[in-house]
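Q: Sharing a structure here in structure tokens format.
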Amino acid sequence: MSTLNTDQIESLSEHLESAELHARAVHKITDDYLDMDFEDAYAIQWATRRRKESRGSRIVGLKMGLTSRAKMKQMGVEEPIYGFLADYFQEAEGAEIDTSKLIHPKVEAEIAFMTRAPLRGPGCHVGQVLAATEFVMPAVEIIDSRYENFRFDLPSVIADNASSSRFVTGGAIAGAREMDLRTVGVVLEKNGEPVEVGAGAAVLNHPASSIALLANMLAARGEELPAGSLILSGGITAAASVSAGDSVTLRAQGMGSVSLRFE
Ligand code: 0L1
Ligand code: MG
């Protein structure tokens with residue numbers, strides 16, 4: 001049951017999007033809207049998505065967040081969430097990411113899925129996701145909460161588009177059915193040193209179950225994942241903070257590596 005009216009939803013969406021576009025941290029919105037619930041939070045996120053689209057941005061995909069125990073523990077929350085990926089979030093492999101446009105970026109090691117058939121909940125399961133996947137590839141997500149010190153609760157972070165900011169895909173594409181995505185190992189390196197290591201099973205036991213959960217969450221709004229969706233399935237490890245001068249490489253077993261730099 002939502003608690004916010006349309007004007008409040010639009011104004012909170014504008015407030016958070018302005019924090020994103022001006023790289024300015026704000027306090028969590030539930031400080032002022034104590035009773036805000038998940039429905040309100042996703043309504044704010046979808047309002048931001050509509051605003052970006054009306055200005056000409058294209059939505060290129062979706063992301064799941066807080067899918068691993070490491071991330072939930074790091075953030076002190078207990079449920080996965082989703083956000084959208086706008087075209088300008090995407091950076092090329094090897095890119096130099098401009099930190100002056102970000103507040104306090106962190107990087108995450110993820111597996112990206114590209115779908116070739118629509119996925120629709122409720123009841124979507126791992127088998128349907130694997131059958132509908134064209135390929136998977138490694139991805140580095142750069143998250144950048146608009147909240148001071150990454151301090152938020154679940155409704156606040158959902159409204160903030162799940163901290164989405166930038167992402168880089170790359171390495172080598174692989175068939176989702178030919179690989180055991182549970183045992184795929186990843187090493188996240190910062191300045192040549194491994195800072196986080198993990199395996200795919202850290203994401204809800206199988207990264208494809210994160211995509212199935214997304215289809216089921218979208219079904220609650222009458223939405224589906226269309227064919228040709230790019231989806232980040234969620235951080236396998238905890239996120240690592242980065243700043244100007246850092247270089248980051250993600251090595252994913254059987255899928256090569258993805259590198260980027262921060263300037
Ligand atoms: O992609 C993610 O797991 C981020 C979800 C939002 C929480 C955070 O900012 O870490
Ligand atoms: Mg992520």
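Numbering starts fresh at 1 for the residues of each chain in the structure tokens, the chains themselves are lettered A, B, ... in the order given, and ligands are numbered from 1 as they appear.
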Write down as a count of residues only the residues of segment 4-52 of chain A whose backbone DSSP state falls under helix (DSSP H, G or I).

A: 34

Q: What are the closest atom pairs, with distances in Å to one decimal, for all residues of chain A lying within 9 Å of ligand 1? Consider only C-alpha atoms and all ligand atoms, order rows by chain and residue number, and present the result as JSON lines.

A:
{"residue": "A:Lys63", "atom": "CA", "partner": "ligand 1", "partner_atom_place_in_ligand_line": "1 (O)", "distance": 6.9}
{"residue": "A:Met64", "atom": "CA", "partner": "ligand 1", "partner_atom_place_in_ligand_line": "1 (O)", "distance": 6.2}
{"residue": "A:Gly65", "atom": "CA", "partner": "ligand 1", "partner_atom_place_in_ligand_line": "3 (O)", "distance": 3.3}
{"residue": "A:Leu66", "atom": "CA", "partner": "ligand 1", "partner_atom_place_in_ligand_line": "3 (O)", "distance": 4.0}
{"residue": "A:Thr67", "atom": "CA", "partner": "ligand 1", "partner_atom_place_in_ligand_line": "3 (O)", "distance": 6.5}
{"residue": "A:Ser68", "atom": "CA", "partner": "ligand 1", "partner_atom_place_in_ligand_line": "3 (O)", "distance": 8.0}
{"residue": "A:Lys71", "atom": "CA", "partner": "ligand 1", "partner_atom_place_in_ligand_line": "3 (O)", "distance": 6.4}
{"residue": "A:Met72", "atom": "CA", "partner": "ligand 1", "partner_atom_place_in_ligand_line": "3 (O)", "distance": 8.2}
{"residue": "A:Gln74", "atom": "CA", "partner": "ligand 1", "partner_atom_place_in_ligand_line": "10 (O)", "distance": 7.8}
{"residue": "A:Met75", "atom": "CA", "partner": "ligand 1", "partner_atom_place_in_ligand_line": "10 (O)", "distance": 6.2}
{"residue": "A:Val77", "atom": "CA", "partner": "ligand 1", "partner_atom_place_in_ligand_line": "7 (C)", "distance": 8.8}
{"residue": "A:Pro80", "atom": "CA", "partner": "ligand 1", "partner_atom_place_in_ligand_line": "3 (O)", "distance": 7.9}
{"residue": "A:Ile81", "atom": "CA", "partner": "ligand 1", "partner_atom_place_in_ligand_line": "5 (C)", "distance": 7.0}
{"residue": "A:Tyr82", "atom": "CA", "partner": "ligand 1", "partner_atom_place_in_ligand_line": "5 (C)", "distance": 7.8}
{"residue": "A:Gly83", "atom": "CA", "partner": "ligand 1", "partner_atom_place_in_ligand_line": "5 (C)", "distance": 8.3}
{"residue": "A:Lys106", "atom": "CA", "partner": "ligand 1", "partner_atom_place_in_ligand_line": "10 (O)", "distance": 8.2}
{"residue": "A:Glu108", "atom": "CA", "partner": "ligand 1", "partner_atom_place_in_ligand_line": "1 (O)", "distance": 7.3}
{"residue": "A:Glu110", "atom": "CA", "partner": "ligand 1", "partner_atom_place_in_ligand_line": "1 (O)", "distance": 8.9}
{"residue": "A:Glu141", "atom": "CA", "partner": "ligand 1", "partner_atom_place_in_ligand_line": "1 (O)", "distance": 7.0}
{"residue": "A:Ile142", "atom": "CA", "partner": "ligand 1", "partner_atom_place_in_ligand_line": "1 (O)", "distance": 8.1}
{"residue": "A:Ile143", "atom": "CA", "partner": "ligand 1", "partner_atom_place_in_ligand_line": "9 (O)", "distance": 6.0}
{"residue": "A:Asp144", "atom": "CA", "partner": "ligand 1", "partner_atom_place_in_ligand_line": "9 (O)", "distance": 6.4}
{"residue": "A:Ser145", "atom": "CA", "partner": "ligand 1", "partner_atom_place_in_ligand_line": "9 (O)", "distance": 5.1}
{"residue": "A:Arg146", "atom": "CA", "partner": "ligand 1", "partner_atom_place_in_ligand_line": "9 (O)", "distance": 8.6}
{"residue": "A:Tyr147", "atom": "CA", "partner": "ligand 1", "partner_atom_place_in_ligand_line": "9 (O)", "distance": 8.9}
{"residue": "A:Phe150", "atom": "CA", "partner": "ligand 1", "partner_atom_place_in_ligand_line": "9 (O)", "distance": 6.3}
{"residue": "A:Arg151", "atom": "CA", "partner": "ligand 1", "partner_atom_place_in_ligand_line": "9 (O)", "distance": 8.6}
{"residue": "A:Phe152", "atom": "CA", "partner": "ligand 1", "partner_atom_place_in_ligand_line": "7 (C)", "distance": 8.4}
{"residue": "A:Leu154", "atom": "CA", "partner": "ligand 1", "partner_atom_place_in_ligand_line": "7 (C)", "distance": 8.4}
{"residue": "A:Val157", "atom": "CA", "partner": "ligand 1", "partner_atom_place_in_ligand_line": "6 (C)", "distance": 6.0}
{"residue": "A:Ile158", "atom": "CA", "partner": "ligand 1", "partner_atom_place_in_ligand_line": "6 (C)", "distance": 7.5}
{"residue": "A:Asp160", "atom": "CA", "partner": "ligand 1", "partner_atom_place_in_ligand_line": "6 (C)", "distance": 8.5}
{"residue": "A:Asn161", "atom": "CA", "partner": "ligand 1", "partner_atom_place_in_ligand_line": "6 (C)", "distance": 8.0}
{"residue": "A:Ala162", "atom": "CA", "partner": "ligand 1", "partner_atom_place_in_ligand_line": "6 (C)", "distance": 4.2}
{"residue": "A:Ser163", "atom": "CA", "partner": "ligand 1", "partner_atom_place_in_ligand_line": "9 (O)", "distance": 4.6}
{"residue": "A:Ser164", "atom": "CA", "partner": "ligand 1", "partner_atom_place_in_ligand_line": "1 (O)", "distance": 6.7}
{"residue": "A:Leu232", "atom": "CA", "partner": "ligand 1", "partner_atom_place_in_ligand_line": "1 (O)", "distance": 8.3}
{"residue": "A:Ser233", "atom": "CA", "partner": "ligand 1", "partner_atom_place_in_ligand_line": "1 (O)", "distance": 8.6}
{"residue": "A:Gly234", "atom": "CA", "partner": "ligand 1", "partner_atom_place_in_ligand_line": "3 (O)", "distance": 5.6}
{"residue": "A:Gly235", "atom": "CA", "partner": "ligand 1", "partner_atom_place_in_ligand_line": "3 (O)", "distance": 5.5}
{"residue": "A:Ile236", "atom": "CA", "partner": "ligand 1", "partner_atom_place_in_ligand_line": "3 (O)", "distance": 8.9}
{"residue": "A:Ala238", "atom": "CA", "partner": "ligand 1", "partner_atom_place_in_ligand_line": "10 (O)", "distance": 8.5}
{"residue": "A:Ala239", "atom": "CA", "partner": "ligand 1", "partner_atom_place_in_ligand_line": "10 (O)", "distance": 7.1}

Q: If you count only C-alpha atoms, which residues fall within 9 Å of segment 174-187 of chain A, apart from same-chain ones fewer than 3 positions away, as a tab-separated table (two decimals) with all heavy atoms, in the first residue's frame?

A:
chain	number	residue	atom	x	y	z
A	109	ALA	N	31.85	-7.23	-8.97
A	109	ALA	CA	32.08	-8.27	-9.98
A	109	ALA	C	30.75	-8.96	-10.27
A	109	ALA	O	30.11	-9.49	-9.35
A	109	ALA	CB	33.07	-9.29	-9.42
A	110	GLU	N	30.33	-8.93	-11.53
A	110	GLU	CA	29.01	-9.48	-11.85
A	110	GLU	C	29.05	-10.32	-13.13
A	110	GLU	O	29.97	-10.22	-13.93
A	110	GLU	CB	28.00	-8.34	-12.05
A	110	GLU	CG	28.01	-7.36	-10.89
A	110	GLU	CD	26.65	-6.77	-10.56
A	110	GLU	OE1	25.66	-7.17	-11.20
A	110	GLU	OE2	26.61	-5.92	-9.66
A	111	ILE	N	28.01	-11.13	-13.32
A	111	ILE	CA	27.79	-11.83	-14.59
A	111	ILE	C	26.59	-11.16	-15.25
A	111	ILE	O	25.53	-11.03	-14.63
A	111	ILE	CB	27.45	-13.33	-14.36
A	111	ILE	CG1	28.49	-14.03	-13.50
A	111	ILE	CG2	27.26	-14.04	-15.71
A	111	ILE	CD1	29.81	-14.31	-14.13
A	113	PHE	N	23.73	-11.06	-18.26
A	113	PHE	CA	22.95	-11.95	-19.14
A	113	PHE	C	22.38	-11.12	-20.29
A	113	PHE	O	21.90	-10.00	-20.08
A	113	PHE	CB	21.75	-12.56	-18.38
A	113	PHE	CG	22.12	-13.66	-17.43
A	113	PHE	CD1	22.92	-13.41	-16.31
A	113	PHE	CD2	21.65	-14.95	-17.63
A	113	PHE	CE1	23.25	-14.42	-15.42
A	113	PHE	CE2	21.98	-15.97	-16.75
A	113	PHE	CZ	22.78	-15.71	-15.64
A	130	LEU	N	17.79	-19.98	-18.40
A	130	LEU	CA	18.89	-20.55	-19.19
A	130	LEU	C	18.46	-20.76	-20.64
A	130	LEU	O	19.23	-20.51	-21.57
A	130	LEU	CB	19.38	-21.86	-18.56
A	130	LEU	CG	20.03	-21.68	-17.18
A	130	LEU	CD1	20.40	-23.03	-16.59
A	130	LEU	CD2	21.26	-20.78	-17.25
A	131	ALA	N	17.21	-21.18	-20.84
A	131	ALA	CA	16.72	-21.40	-22.21
A	131	ALA	C	16.57	-20.08	-22.97
A	131	ALA	O	16.70	-20.05	-24.19
A	131	ALA	CB	15.39	-22.14	-22.17
A	133	THR	N	18.44	-17.38	-22.54
A	133	THR	CA	19.67	-16.56	-22.54
A	133	THR	C	20.47	-16.78	-23.81
A	133	THR	O	20.80	-17.91	-24.18
A	133	THR	CB	20.53	-16.92	-21.30
A	133	THR	OG1	19.76	-16.62	-20.13
A	133	THR	CG2	21.81	-16.11	-21.28
A	134	GLU	N	20.79	-15.66	-24.47
A	134	GLU	CA	21.63	-15.73	-25.69
A	134	GLU	C	23.08	-15.99	-25.29
A	134	GLU	O	23.73	-16.86	-25.83
A	134	GLU	CB	21.49	-14.39	-26.44
A	134	GLU	CG	22.26	-14.29	-27.73
A	134	GLU	CD	21.64	-15.12	-28.86
A	134	GLU	OE1	20.45	-15.46	-28.76
A	134	GLU	OE2	22.36	-15.46	-29.81
A	135	PHE	N	23.57	-15.21	-24.34
A	135	PHE	CA	24.93	-15.44	-23.83
A	135	PHE	C	25.11	-14.73	-22.49
A	135	PHE	O	24.27	-13.88	-22.11
A	135	PHE	CB	26.01	-14.97	-24.83
A	135	PHE	CG	25.93	-13.52	-25.23
A	135	PHE	CD1	26.43	-12.50	-24.42
A	135	PHE	CD2	25.34	-13.15	-26.44
A	135	PHE	CE1	26.36	-11.17	-24.80
A	135	PHE	CE2	25.25	-11.82	-26.82
A	135	PHE	CZ	25.77	-10.83	-25.99
A	136	VAL	N	26.17	-15.08	-21.80
A	136	VAL	CA	26.55	-14.38	-20.57
A	136	VAL	C	27.96	-13.81	-20.76
A	136	VAL	O	28.69	-14.28	-21.63
A	136	VAL	CB	26.52	-15.30	-19.32
A	136	VAL	CG1	25.11	-15.71	-18.97
A	136	VAL	CG2	27.40	-16.54	-19.52
A	137	MET	N	28.29	-12.81	-19.99
A	137	MET	CA	29.64	-12.22	-20.07
A	137	MET	C	29.95	-11.53	-18.75
A	137	MET	O	29.03	-11.14	-18.01
A	137	MET	CB	29.75	-11.23	-21.23
A	137	MET	CG	28.76	-10.09	-21.16
A	137	MET	SD	28.83	-9.08	-22.65
A	137	MET	CE	27.24	-8.26	-22.53
A	138	PRO	N	31.23	-11.37	-18.46
A	138	PRO	CA	31.57	-10.70	-17.20
A	138	PRO	C	31.28	-9.20	-17.28
A	138	PRO	O	31.34	-8.61	-18.36
A	138	PRO	CB	33.07	-10.96	-17.03
A	138	PRO	CG	33.57	-11.39	-18.35
A	138	PRO	CD	32.41	-11.84	-19.19
A	194	PRO	N	44.51	-8.66	-5.96
A	194	PRO	CA	43.15	-9.16	-5.78
A	194	PRO	C	42.53	-8.56	-4.51
A	194	PRO	O	43.14	-8.61	-3.45
A	194	PRO	CB	43.33	-10.67	-5.60
A	194	PRO	CG	44.79	-10.94	-5.76
A	194	PRO	CD	45.54	-9.67	-5.79
A	195	VAL	N	41.34	-7.96	-4.65
A	195	VAL	CA	40.68	-7.38	-3.47
A	195	VAL	C	39.43	-8.17	-3.07
A	195	VAL	O	39.02	-8.14	-1.92
A	195	VAL	CB	40.33	-5.88	-3.66
A	195	VAL	CG1	41.57	-5.02	-3.60
A	195	VAL	CG2	39.59	-5.63	-4.97
A	196	GLU	N	38.82	-8.86	-4.03
A	196	GLU	CA	37.65	-9.69	-3.74
A	196	GLU	C	37.69	-10.93	-4.63
A	196	GLU	O	38.03	-10.81	-5.81
A	196	GLU	CB	36.33	-8.93	-4.03
A	196	GLU	CG	36.09	-7.70	-3.17
A	196	GLU	CD	35.72	-8.02	-1.72
A	196	GLU	OE1	35.36	-9.18	-1.44
A	196	GLU	OE2	35.83	-7.11	-0.88
A	197	VAL	N	37.35	-12.08	-4.09
A	197	VAL	CA	37.23	-13.30	-4.90
A	197	VAL	C	35.91	-13.98	-4.57
A	197	VAL	O	35.39	-13.83	-3.47
A	197	VAL	CB	38.40	-14.29	-4.66
A	197	VAL	CG1	39.72	-13.72	-5.13
A	197	VAL	CG2	38.49	-14.69	-3.21
A	198	GLY	N	35.37	-14.72	-5.52
A	198	GLY	CA	34.11	-15.40	-5.24
A	198	GLY	C	33.73	-16.35	-6.35
A	198	GLY	O	34.46	-16.49	-7.34
A	199	ALA	N	32.59	-16.99	-6.20
A	199	ALA	CA	32.05	-17.90	-7.22
A	199	ALA	C	30.58	-17.56	-7.44
A	199	ALA	O	29.90	-17.04	-6.54
A	199	ALA	CB	32.20	-19.34	-6.77
A	200	GLY	N	30.08	-17.89	-8.64
A	200	GLY	CA	28.73	-17.51	-9.05
A	200	GLY	C	27.64	-17.89	-8.07
A	200	GLY	O	26.64	-17.18	-7.94
A	201	ALA	N	27.84	-19.00	-7.35
A	201	ALA	CA	26.79	-19.46	-6.43
A	201	ALA	C	26.50	-18.46	-5.32
A	201	ALA	O	25.45	-18.55	-4.66
A	201	ALA	CB	27.17	-20.81	-5.82
A	202	ALA	N	27.40	-17.50	-5.13
A	202	ALA	CA	27.15	-16.47	-4.11
A	202	ALA	C	25.90	-15.67	-4.44
A	202	ALA	O	25.28	-15.06	-3.57
A	202	ALA	CB	28.36	-15.54	-4.00
A	203	VAL	N	25.53	-15.64	-5.73
A	203	VAL	CA	24.32	-14.90	-6.15
A	203	VAL	C	23.12	-15.85	-6.12
A	203	VAL	O	22.88	-16.60	-7.08
A	203	VAL	CB	24.53	-14.29	-7.56
A	203	VAL	CG1	23.25	-13.64	-8.07
A	203	VAL	CG2	25.65	-13.27	-7.52
A	205	ASN	N	22.48	-18.69	-5.06
A	205	ASN	CA	22.82	-20.09	-5.42
A	205	ASN	C	23.13	-20.28	-6.90
A	205	ASN	O	23.78	-21.26	-7.28
A	205	ASN	CB	21.73	-21.09	-5.01
A	205	ASN	CG	21.54	-21.07	-3.51
A	205	ASN	OD1	22.51	-20.92	-2.78
A	205	ASN	ND2	20.31	-21.22	-3.07
A	206	HIS	N	22.66	-19.39	-7.76
A	206	HIS	CA	22.93	-19.49	-9.20
A	206	HIS	C	22.57	-18.13	-9.80
A	206	HIS	O	21.43	-17.67	-9.60
A	206	HIS	CB	22.03	-20.59	-9.81
A	206	HIS	CG	22.44	-20.98	-11.20
A	206	HIS	ND1	22.56	-20.07	-12.23
A	206	HIS	CD2	22.77	-22.19	-11.73
A	206	HIS	CE1	22.93	-20.70	-13.33
A	206	HIS	NE2	23.07	-21.98	-13.05
A	207	PRO	N	23.48	-17.49	-10.54
A	207	PRO	CA	23.15	-16.16	-11.09
A	207	PRO	C	21.85	-16.15	-11.90
A	207	PRO	O	21.12	-15.14	-11.90
A	207	PRO	CB	24.36	-15.83	-11.98
A	207	PRO	CG	25.48	-16.60	-11.36
A	207	PRO	CD	24.87	-17.88	-10.84
A	208	ALA	N	21.50	-17.28	-12.54
A	208	ALA	CA	20.25	-17.30	-13.32
A	208	ALA	C	19.03	-17.19	-12.42
A	208	ALA	O	17.97	-16.72	-12.85
A	208	ALA	CB	20.16	-18.58	-14.17
A	236	ILE	N	28.85	-10.57	-6.99
A	236	ILE	CA	29.20	-11.88	-6.44
A	236	ILE	C	29.92	-11.71	-5.10
A	236	ILE	O	29.81	-12.55	-4.21
A	236	ILE	CB	30.07	-12.66	-7.46
A	236	ILE	CG1	29.22	-13.00	-8.69
A	236	ILE	CG2	30.70	-13.90	-6.84
A	236	ILE	CD1	29.99	-13.57	-9.87
A	237	THR	N	30.64	-10.61	-4.99
A	237	THR	CA	31.41	-10.34	-3.76
A	237	THR	C	30.92	-9.03	-3.15
A	237	THR	O	30.03	-8.39	-3.71
A	237	THR	CB	32.90	-10.17	-4.10
A	237	THR	OG1	33.04	-9.02	-4.93
A	237	THR	CG2	33.46	-11.40	-4.82
A	249	THR	N	40.50	-4.62	-12.67
A	249	THR	CA	40.33	-5.73	-13.62
A	249	THR	C	39.49	-6.81	-12.97
A	249	THR	O	39.73	-7.17	-11.81
A	249	THR	CB	41.70	-6.33	-14.03
A	249	THR	OG1	42.45	-5.33	-14.72
A	249	THR	CG2	41.53	-7.53	-14.97
A	250	LEU	N	38.51	-7.28	-13.70
A	250	LEU	CA	37.73	-8.44	-13.26
A	250	LEU	C	38.14	-9.63	-14.12
A	250	LEU	O	38.07	-9.55	-15.35
A	250	LEU	CB	36.23	-8.17	-13.43
A	250	LEU	CG	35.32	-9.39	-13.31
A	250	LEU	CD1	35.41	-10.02	-11.92
A	250	LEU	CD2	33.88	-9.02	-13.63
A	251	ARG	N	38.60	-10.70	-13.48
A	251	ARG	CA	38.91	-11.94	-14.21
A	251	ARG	C	37.82	-12.95	-13.89
A	251	ARG	O	37.54	-13.20	-12.71
A	251	ARG	CB	40.27	-12.50	-13.78
A	251	ARG	CG	41.40	-11.54	-14.04
A	251	ARG	CD	42.77	-12.12	-13.71
A	251	ARG	NE	43.74	-11.03	-13.71
A	251	ARG	CZ	44.25	-10.46	-14.79
A	251	ARG	NH1	43.89	-10.90	-15.98
A	251	ARG	NH2	45.11	-9.46	-14.71
A	252	ALA	N	37.19	-13.47	-14.92
A	252	ALA	CA	36.10	-14.44	-14.72
A	252	ALA	C	36.48	-15.74	-15.43
A	252	ALA	O	36.78	-15.72	-16.63
A	252	ALA	CB	34.79	-13.89	-15.27
A	253	GLN	N	36.45	-16.82	-14.66
A	253	GLN	CA	36.88	-18.12	-15.18
A	253	GLN	C	36.16	-18.48	-16.49
A	253	GLN	O	34.92	-18.46	-16.55
A	253	GLN	CB	36.53	-19.16	-14.12
A	253	GLN	CG	37.15	-20.49	-14.30
A	253	GLN	CD	36.72	-21.40	-13.15
A	253	GLN	OE1	35.84	-21.05	-12.36
A	253	GLN	NE2	37.34	-22.56	-13.06
A	254	GLY	N	36.92	-18.76	-17.52
A	254	GLY	CA	36.35	-19.16	-18.81
A	254	GLY	C	35.74	-18.02	-19.61
A	254	GLY	O	35.20	-18.24	-20.70
A	255	MET	N	35.80	-16.78	-19.07
A	255	MET	CA	35.18	-15.65	-19.78
A	255	MET	C	36.12	-14.46	-19.89
A	255	MET	O	35.68	-13.33	-20.12
A	255	MET	CB	33.89	-15.22	-19.07
A	255	MET	CG	32.74	-16.20	-19.24
A	255	MET	SD	31.20	-15.59	-18.54
A	255	MET	CE	31.43	-16.02	-16.83

Q: List as an MDAnalysis selection string the protein and nucleic acid residues near Asn216 of chain A, meaning an atom at most 8 Å away when only C-alpha atoms are counted, but skip any in the same chain fewer than 5 places from it.

A: chainID A and resid 120:124

Q: Those selected residues, please, written with C-alpha atoms and delivered as an mmCIF file, in the first residue's frame.

A:
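Result file follows (again.cif):
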data_model
loop_
_atom_site.group_PDB
_atom_site.id
_atom_site.type_symbol
_atom_site.label_atom_id
_atom_site.label_comp_id
_atom_site.auth_asym_id
_atom_site.auth_seq_id
_atom_site.Cartn_x
_atom_site.Cartn_y
_atom_site.Cartn_z
ATOM 1 C CA ARG A 120 7.626 -13.361 -17.741
ATOM 2 C CA GLY A 121 6.629 -14.140 -14.160
ATOM 3 C CA PRO A 122 5.085 -15.244 -11.931
ATOM 4 C CA GLY A 123 6.688 -18.654 -11.672
ATOM 5 C CA CYS A 124 9.722 -17.889 -13.817
#

Q: May I ask which of the residues A:Gly245, A:Gly222, A:Gly256, A:Pro105 is the closest one to ligand 2, counting only C-alpha atoms and all ligand atoms?

A: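 So, comparing all the options, the nearest one is A:Pro105.
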
Q: What's the separation between atom CA of Ser156 of chain A and atom CA of Thr99 of chain A, in Å to one decimal place?

A: 23.2 Å

Q: From the list A:Ala70, A:Leu85, A:Val60, A:Ile103, which residue is nearest Ala19 of chain A when using only C-alpha atoms?

A: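 Looking at the shortest contact to Ala19 of chain A, the residue is A:Ile103.
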
Q: Please provide as number ranges by chain all residues within 12 Å of Arg24 of chain A, with the sequence filter that same-chain residues fewer than 2 positions apart are discarded (counting only C-alpha atoms).

A: A: 15-22, 26-27, 100-104, 144-149

Q: Write to file, as an mmCIF file, in the first residue's frame, the residues of the selection just made, with N, CA, C and O atoms.

A:
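Ended up saving to result31.cif:
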data_model
loop_
_atom_site.group_PDB
_atom_site.id
_atom_site.type_symbol
_atom_site.label_atom_id
_atom_site.label_comp_id
_atom_site.auth_asym_id
_atom_site.auth_seq_id
_atom_site.Cartn_x
_atom_site.Cartn_y
_atom_site.Cartn_z
ATOM 1 N N HIS A 15 14.444 15.049 -6.893
ATOM 2 C CA HIS A 15 15.474 15.294 -5.869
ATOM 3 C C HIS A 15 16.632 14.293 -6.014
ATOM 4 O O HIS A 15 17.810 14.672 -6.044
ATOM 5 N N LEU A 16 16.297 12.998 -6.152
ATOM 6 C CA LEU A 16 17.343 11.972 -6.232
ATOM 7 C C LEU A 16 18.047 12.009 -7.584
ATOM 8 O O LEU A 16 19.258 11.799 -7.667
ATOM 9 N N GLU A 17 17.301 12.299 -8.653
ATOM 10 C CA GLU A 17 17.960 12.349 -9.953
ATOM 11 C C GLU A 17 18.895 13.556 -10.025
ATOM 12 O O GLU A 17 19.983 13.478 -10.598
ATOM 13 N N SER A 18 18.488 14.642 -9.402
ATOM 14 C CA SER A 18 19.357 15.816 -9.391
ATOM 15 C C SER A 18 20.645 15.515 -8.603
ATOM 16 O O SER A 18 21.738 15.908 -9.001
ATOM 17 N N ALA A 19 20.528 14.750 -7.506
ATOM 18 C CA ALA A 19 21.725 14.350 -6.748
ATOM 19 C C ALA A 19 22.644 13.508 -7.636
ATOM 20 O O ALA A 19 23.870 13.664 -7.613
ATOM 21 N N GLU A 20 22.036 12.638 -8.457
ATOM 22 C CA GLU A 20 22.846 11.814 -9.375
ATOM 23 C C GLU A 20 23.542 12.704 -10.413
ATOM 24 O O GLU A 20 24.754 12.620 -10.606
ATOM 25 N N LEU A 21 22.759 13.573 -11.063
ATOM 26 C CA LEU A 21 23.305 14.339 -12.187
ATOM 27 C C LEU A 21 24.339 15.376 -11.736
ATOM 28 O O LEU A 21 25.230 15.732 -12.487
ATOM 29 N N HIS A 22 24.223 15.844 -10.484
ATOM 30 C CA HIS A 22 25.197 16.828 -9.986
ATOM 31 C C HIS A 22 26.231 16.204 -9.055
ATOM 32 O O HIS A 22 27.016 16.931 -8.442
ATOM 33 N N VAL A 26 23.042 13.254 -0.671
ATOM 34 C CA VAL A 26 21.885 13.760 0.090
ATOM 35 C C VAL A 26 21.598 12.785 1.237
ATOM 36 O O VAL A 26 22.113 11.669 1.237
ATOM 37 N N HIS A 27 20.783 13.212 2.192
ATOM 38 C CA HIS A 27 20.452 12.259 3.248
ATOM 39 C C HIS A 27 19.311 11.349 2.807
ATOM 40 O O HIS A 27 18.565 11.666 1.884
ATOM 41 N N SER A 100 34.894 12.733 -11.275
ATOM 42 C CA SER A 100 34.316 14.023 -10.874
ATOM 43 C C SER A 100 32.799 14.016 -11.090
ATOM 44 O O SER A 100 32.089 14.860 -10.543
ATOM 45 N N LYS A 101 32.321 13.054 -11.870
ATOM 46 C CA LYS A 101 30.867 12.973 -12.108
ATOM 47 C C LYS A 101 30.200 12.019 -11.116
ATOM 48 O O LYS A 101 28.995 11.755 -11.206
ATOM 49 N N LEU A 102 30.998 11.447 -10.198
ATOM 50 C CA LEU A 102 30.466 10.466 -9.254
ATOM 51 C C LEU A 102 30.729 10.950 -7.823
ATOM 52 O O LEU A 102 31.553 11.835 -7.587
ATOM 53 N N ILE A 103 30.037 10.342 -6.869
ATOM 54 C CA ILE A 103 30.151 10.795 -5.477
ATOM 55 C C ILE A 103 31.193 9.961 -4.721
ATOM 56 O O ILE A 103 32.197 10.485 -4.242
ATOM 57 N N HIS A 104 30.977 8.667 -4.638
ATOM 58 C CA HIS A 104 31.889 7.773 -3.892
ATOM 59 C C HIS A 104 31.776 6.373 -4.500
ATOM 60 O O HIS A 104 31.203 5.467 -3.871
ATOM 61 N N ASP A 144 27.101 3.890 -7.060
ATOM 62 C CA ASP A 144 27.410 5.192 -6.474
ATOM 63 C C ASP A 144 26.148 5.700 -5.780
ATOM 64 O O ASP A 144 25.391 6.475 -6.355
ATOM 65 N N SER A 145 25.946 5.220 -4.567
ATOM 66 C CA SER A 145 24.749 5.657 -3.846
ATOM 67 C C SER A 145 24.717 7.180 -3.759
ATOM 68 O O SER A 145 25.744 7.817 -3.534
ATOM 69 N N ARG A 146 23.533 7.722 -3.937
ATOM 70 C CA ARG A 146 23.403 9.175 -3.788
ATOM 71 C C ARG A 146 23.275 9.564 -2.320
ATOM 72 O O ARG A 146 23.146 10.738 -1.968
ATOM 73 N N TYR A 147 23.321 8.596 -1.434
ATOM 74 C CA TYR A 147 23.169 8.892 -0.004
ATOM 75 C C TYR A 147 24.531 9.022 0.673
ATOM 76 O O TYR A 147 25.461 8.254 0.384
ATOM 77 N N GLU A 148 24.604 9.976 1.600
ATOM 78 C CA GLU A 148 25.836 10.213 2.343
ATOM 79 C C GLU A 148 26.352 8.912 2.942
ATOM 80 O O GLU A 148 25.592 8.159 3.556
ATOM 81 N N ASN A 149 27.629 8.627 2.738
ATOM 82 C CA ASN A 149 28.307 7.450 3.312
ATOM 83 C C ASN A 149 27.634 6.121 2.983
ATOM 84 O O ASN A 149 27.758 5.172 3.753
#

Q: DSSP on the backbone: what in segment 14-98 of chain A comes out strand (DSSP E), as a ChimeraX atom specification?

A: /A:59-65,81-86,96-97

Q: Please produce, as a Markdown table, a per-residue contact table for segment 168-234 of chain A versus segment 39-50 of chain A (criterion: any atom at most 12 Å away, only C-alpha atoms considered), showing the nearest atom pair and its distance in Å to one decimal, sorted by chain then residue number.

A:
| residue | atom | partner | partner_atom | distance |
| --- | --- | --- | --- | --- |
| A:Met217 | CA | A:Tyr42 | CA | 11.0 |
| A:Leu218 | CA | A:Tyr42 | CA | 10.6 |
| A:Ala220 | CA | A:Glu39 | CA | 10.5 |
| A:Arg221 | CA | A:Tyr42 | CA | 9.8 |
| A:Glu223 | CA | A:Trp46 | CA | 11.7 |

Q: When you count only C-alpha atoms and all ligand atoms, which of these residues is closest to ligand 2: A:Lys73, A:Arg166, A:His125, A:Arg261?

A: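 Using only C-alpha atoms and all ligand atoms, ligand 2 sits closest to A:Arg166.
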